[in-house]
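Undergrad: Pasting a structure below so you can have a look.
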Amino acid sequence: MAVSRERLYRVGEVAALTGVSIRTLHHYDEIELLPPSGRSEAGYRLYNDADLLRLQQILTLRFLGFSLDQVCDLLSRPDFDVEASLRIQRRVLRDRIDELERIETVLGELLERRQMTGEWAWELVASASASIQAEMKLRGEQMSEYYTRDELQQRLAEIGKATPAEVIQQTEEDWTALVREVRANRDLDPTDPRAQALADRWNELTQDMAHWFGDDPKLANSIQRNYAEGVYAEIADAPTMEDFAFIQKVNAARKSE
């Protein structure tokens with residue numbers, strides 16, 4: 001039985017396939033963001049399919065506004081999960097698409113009126129400006145929905161002072177035990193009663209913690225973003241994106257029944 005060999009691509013082929021210049025690929029190699037998986041006998045760079053997937057991650061994260069340093073840091077984290085990252089990217093892109101479609105609709109109305117009457121409908125010109133300004137303001141508000149690292153630490157410290165030490169300790173113990181059980185059972189079918197029991201405990205603990213946050217959604221948003229970016233990767237029993245994904249699947253399976 002013949003064993004299929006892995007497909008390898010020279011740098012020029014990768015450039016032709018992806019539209020990324022050879023110079024950029026060389027630069028990504030030099031900064032160790034995308035080193036090729038191998039070299040030919042003549043010393044030419046050789047990329048495999050996994051390298052192409054990593055390049056896709058780099059390009060999408062760059063499109064979403066991450067700097068090269070941030071992309072490099074994110075992709076090098078030991079707990080980085082490609083599927084979880086793609087889900088996050090897809091959600092952000094959906095929001096961006098909705099934003100662009102709203103603006104496109106207003107511009108379309110403006111052009112249609114111009115073609116029909118030969119004149120500019122100044123109320124639509126104003127409407128187009130207002131729509132664009134509203135989207136810019138919304139994006140600014142979304143950016144302000146998160147605390148900086150220092151602000152987050154200060155906010156958590158304030159909550160810690162206001163919460164009895166024994167409550168914090170018990171919550172930490174409950175989360176540690178639950179995360180370990182979830183990781184040991186992530187291969188369960190989402191409809192399995194054991195998986196649903198784990199999701200119930202997870203949802204209950206999450207709800208309990210929400211009471212600590214009070215009416216501060218900015219705090220919850222900041223913590224959620226930190227998990228998505230792998231900020232807590234070095235904490236052994238901190239939930240990972242794979243843990244969150246498992247719970248989401250169980251909750252989704254329950255809703256579809």
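Residue names in the structure tokens use chain letters A, B, ... in the order shown, residue numbers from 1 in each chain, and ligand numbers from 1 in the order shown.
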List every residue of range 27-183 of chain A that DSSP, applied to the backbone of this structure, places in strand (DSSP E), and write the result as a PyMOL selection string.
TA: chain A and resi 38-39+45-47
Undergrad: Set the distance at 12 Å and use only C-alpha atoms: which residues neighbour range 70-78 of chain A once local chain neighbours fewer than 5 positions away are removed? I'd like the list as an MDAnalysis selection string.
TA: chainID A and resid 28:29 31:35 53:65 85 226:236 240
Undergrad: Just write the chosen residues, N, CA and C atoms, as an mmCIF file, in the first residue's frame.
TA:
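Once everything was written out, this is again_29.cif:
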```cif
data_model
loop_
_atom_site.group_PDB
_atom_site.id
_atom_site.type_symbol
_atom_site.label_atom_id
_atom_site.label_comp_id
_atom_site.auth_asym_id
_atom_site.auth_seq_id
_atom_site.Cartn_x
_atom_site.Cartn_y
_atom_site.Cartn_z
ATOM 1 N N TYR A 28 8.165 37.187 7.564
ATOM 2 C CA TYR A 28 7.527 36.351 8.598
ATOM 3 C C TYR A 28 8.476 35.244 9.063
ATOM 4 N N ASP A 29 9.293 34.759 8.155
ATOM 5 C CA ASP A 29 10.286 33.743 8.526
ATOM 6 C C ASP A 29 11.372 34.362 9.409
ATOM 7 N N ILE A 31 11.241 36.898 11.417
ATOM 8 C CA ILE A 31 10.803 37.235 12.782
ATOM 9 C C ILE A 31 10.224 36.009 13.500
ATOM 10 N N GLU A 32 10.357 34.842 12.871
ATOM 11 C CA GLU A 32 9.922 33.562 13.435
ATOM 12 C C GLU A 32 8.413 33.494 13.674
ATOM 13 N N LEU A 33 7.675 34.263 12.886
ATOM 14 C CA LEU A 33 6.220 34.193 12.947
ATOM 15 C C LEU A 33 5.713 33.039 12.090
ATOM 16 N N LEU A 34 6.341 32.837 10.933
ATOM 17 C CA LEU A 34 5.960 31.736 10.040
ATOM 18 C C LEU A 34 7.210 31.119 9.427
ATOM 19 N N PRO A 35 7.987 30.395 10.217
ATOM 20 C CA PRO A 35 9.147 29.706 9.636
ATOM 21 C C PRO A 35 8.675 28.519 8.810
ATOM 22 N N LEU A 53 -2.202 26.911 7.026
ATOM 23 C CA LEU A 53 -3.240 27.204 8.012
ATOM 24 C C LEU A 53 -2.761 28.286 8.971
ATOM 25 N N ARG A 54 -1.501 28.222 9.377
ATOM 26 C CA ARG A 54 -0.955 29.246 10.259
ATOM 27 C C ARG A 54 -0.941 30.609 9.555
ATOM 28 N N LEU A 55 -0.625 30.607 8.260
ATOM 29 C CA LEU A 55 -0.632 31.857 7.505
ATOM 30 C C LEU A 55 -2.033 32.444 7.473
ATOM 31 N N GLN A 56 -3.039 31.587 7.300
ATOM 32 C CA GLN A 56 -4.418 32.069 7.327
ATOM 33 C C GLN A 56 -4.733 32.743 8.659
ATOM 34 N N GLN A 57 -4.283 32.137 9.762
ATOM 35 C CA GLN A 57 -4.504 32.721 11.079
ATOM 36 C C GLN A 57 -3.835 34.087 11.180
ATOM 37 N N ILE A 58 -2.611 34.176 10.699
ATOM 38 C CA ILE A 58 -1.872 35.439 10.751
ATOM 39 C C ILE A 58 -2.621 36.526 9.985
ATOM 40 N N LEU A 59 -3.040 36.202 8.770
ATOM 41 C CA LEU A 59 -3.687 37.201 7.917
ATOM 42 C C LEU A 59 -5.018 37.660 8.499
ATOM 43 N N THR A 60 -5.804 36.717 9.033
ATOM 44 C CA THR A 60 -7.108 37.097 9.586
ATOM 45 C C THR A 60 -6.935 37.948 10.835
ATOM 46 N N LEU A 61 -6.024 37.563 11.708
ATOM 47 C CA LEU A 61 -5.789 38.339 12.925
ATOM 48 C C LEU A 61 -5.261 39.730 12.586
ATOM 49 N N ARG A 62 -4.413 39.824 11.569
ATOM 50 C CA ARG A 62 -3.937 41.136 11.137
ATOM 51 C C ARG A 62 -5.089 41.980 10.600
ATOM 52 N N PHE A 63 -5.982 41.342 9.831
ATOM 53 C CA PHE A 63 -7.141 42.049 9.297
ATOM 54 C C PHE A 63 -8.026 42.580 10.423
ATOM 55 N N LEU A 64 -8.093 41.833 11.521
ATOM 56 C CA LEU A 64 -8.931 42.235 12.658
ATOM 57 C C LEU A 64 -8.262 43.295 13.527
ATOM 58 N N GLY A 65 -7.039 43.673 13.181
ATOM 59 C CA GLY A 65 -6.418 44.784 13.882
ATOM 60 C C GLY A 65 -5.298 44.434 14.845
ATOM 61 N N SER A 85 -9.972 29.743 17.887
ATOM 62 C CA SER A 85 -9.595 31.019 17.300
ATOM 63 C C SER A 85 -10.464 31.352 16.090
ATOM 64 N N ASN A 226 -9.921 38.133 27.922
ATOM 65 C CA ASN A 226 -8.644 37.594 28.389
ATOM 66 C C ASN A 226 -8.570 36.086 28.187
ATOM 67 N N TYR A 227 -9.697 35.396 28.452
ATOM 68 C CA TYR A 227 -9.715 33.958 28.205
ATOM 69 C C TYR A 227 -9.504 33.672 26.719
ATOM 70 N N ALA A 228 -10.189 34.438 25.867
ATOM 71 C CA ALA A 228 -10.079 34.220 24.420
ATOM 72 C C ALA A 228 -8.664 34.466 23.920
ATOM 73 N N GLU A 229 -7.952 35.408 24.546
ATOM 74 C CA GLU A 229 -6.604 35.743 24.109
ATOM 75 C C GLU A 229 -5.544 34.897 24.803
ATOM 76 N N GLY A 230 -5.981 33.990 25.687
ATOM 77 C CA GLY A 230 -5.030 33.092 26.340
ATOM 78 C C GLY A 230 -4.221 33.736 27.444
ATOM 79 N N VAL A 231 -4.743 34.823 28.033
ATOM 80 C CA VAL A 231 -4.011 35.520 29.087
ATOM 81 C C VAL A 231 -3.773 34.620 30.297
ATOM 82 N N TYR A 232 -4.738 33.719 30.540
ATOM 83 C CA TYR A 232 -4.634 32.863 31.723
ATOM 84 C C TYR A 232 -4.040 31.493 31.407
ATOM 85 N N ALA A 233 -3.343 31.391 30.277
ATOM 86 C CA ALA A 233 -2.836 30.092 29.818
ATOM 87 C C ALA A 233 -1.870 29.460 30.810
ATOM 88 N N GLU A 234 -1.126 30.282 31.538
ATOM 89 C CA GLU A 234 -0.122 29.740 32.445
ATOM 90 C C GLU A 234 -0.726 29.225 33.749
ATOM 91 N N ILE A 235 -1.999 29.502 33.988
ATOM 92 C CA ILE A 235 -2.671 29.016 35.194
ATOM 93 C C ILE A 235 -3.204 27.616 34.882
ATOM 94 N N ALA A 236 -2.685 26.629 35.558
ATOM 95 C CA ALA A 236 -2.949 25.223 35.209
ATOM 96 C C ALA A 236 -4.431 24.887 35.130
ATOM 97 N N THR A 240 -9.931 26.820 29.527
ATOM 98 C CA THR A 240 -9.377 27.137 28.216
ATOM 99 C C THR A 240 -10.531 27.278 27.221
#
```
Undergrad: Using Å and a single decimal, report how far CA of Ile223 in chain A sits from CA of Asp189 in chain A.
TA: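 Rounded to one decimal, the two atoms are 28.1 Å apart.
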Undergrad: Find the residue from A:Val182, A:Ala197, A:Leu205, A:Ile22 that sits nearest to Ala245 in chain A; use only C-alpha atoms when measuring.
TA: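 Comparing A:Val182, A:Ala197, A:Leu205, A:Ile22 against Ala245 in chain A, the winner is A:Val182.
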